[in-house]
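One structure is given below, encoded as structure tokens.
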Amino acid sequence: MNQSIDMKRFIEKYQCGIVIDKVNPTAEDYYNQFYRLYQNRKLLSQMGQNARKAMKDICWEKMEERLSEIYKSLQT
């Protein structure tokens, strides 16, 4: 990925991908990371599971915020 700080934080927090920590990664940099995942299917699978869990967690957080706002508006 490129130098997106928010995306880097997300990936590192949820361990759901690989960050190429360079301003201008080369095709070889990307190849090396894809090859790494090709060689380590367990890591690839774990990252996929982590990504699915992150999406569920994030979706629930948003729903929780919405429900909280609805409940607060009903109290007035």
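Scheme for the structure tokens: letters A, B, ... for chains in order shown; per-chain residue numbers from 1; ligand numbers from 1 in order shown.
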For this session: Tell me which protein, DNA and RNA residues are within 9 Å of stretch 18-27 of chain A, counting only C-alpha atoms, leaving out same-chain ones fewer than 2 positions away, and put them as a ChimeraX atom specification.
Result: /A:1-3,7-8,11-12,15-16,29-33,47
Problem set entry | A:Gln46 environment, 12 Å, only C-alpha atoms, sequence neighbours closer than 5 positions dropped, as JSON, numbers by chain | {"A": [14, 15, 16, 17, 37, 40, 41, 51, 52, 53]}
For this session: Could you tell me how far atom CA of A:Ser73 lies from atom CA of A:Ala54, in Å and to one decimal?
Result: 28.8 Å
Exercise. Can you list every residue in chain A that DSSP puts in alpha helix (DSSP H), as a ChimeraX atom specification?
Worked result: /A:5-14,27-39,41-75
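Across the structure, atom CA of A:Asn50 and atom CA of A:Lys13 are spaced 10.0 Å apart.
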For this session: Go ahead and compute the interatomic distance for atom CA of A:Gly48 and atom CA of A:Ser4, in Å to one decimal.
Result: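 Going from atom CA of A:Gly48 over to atom CA of A:Ser4, I get 20.4 Å.
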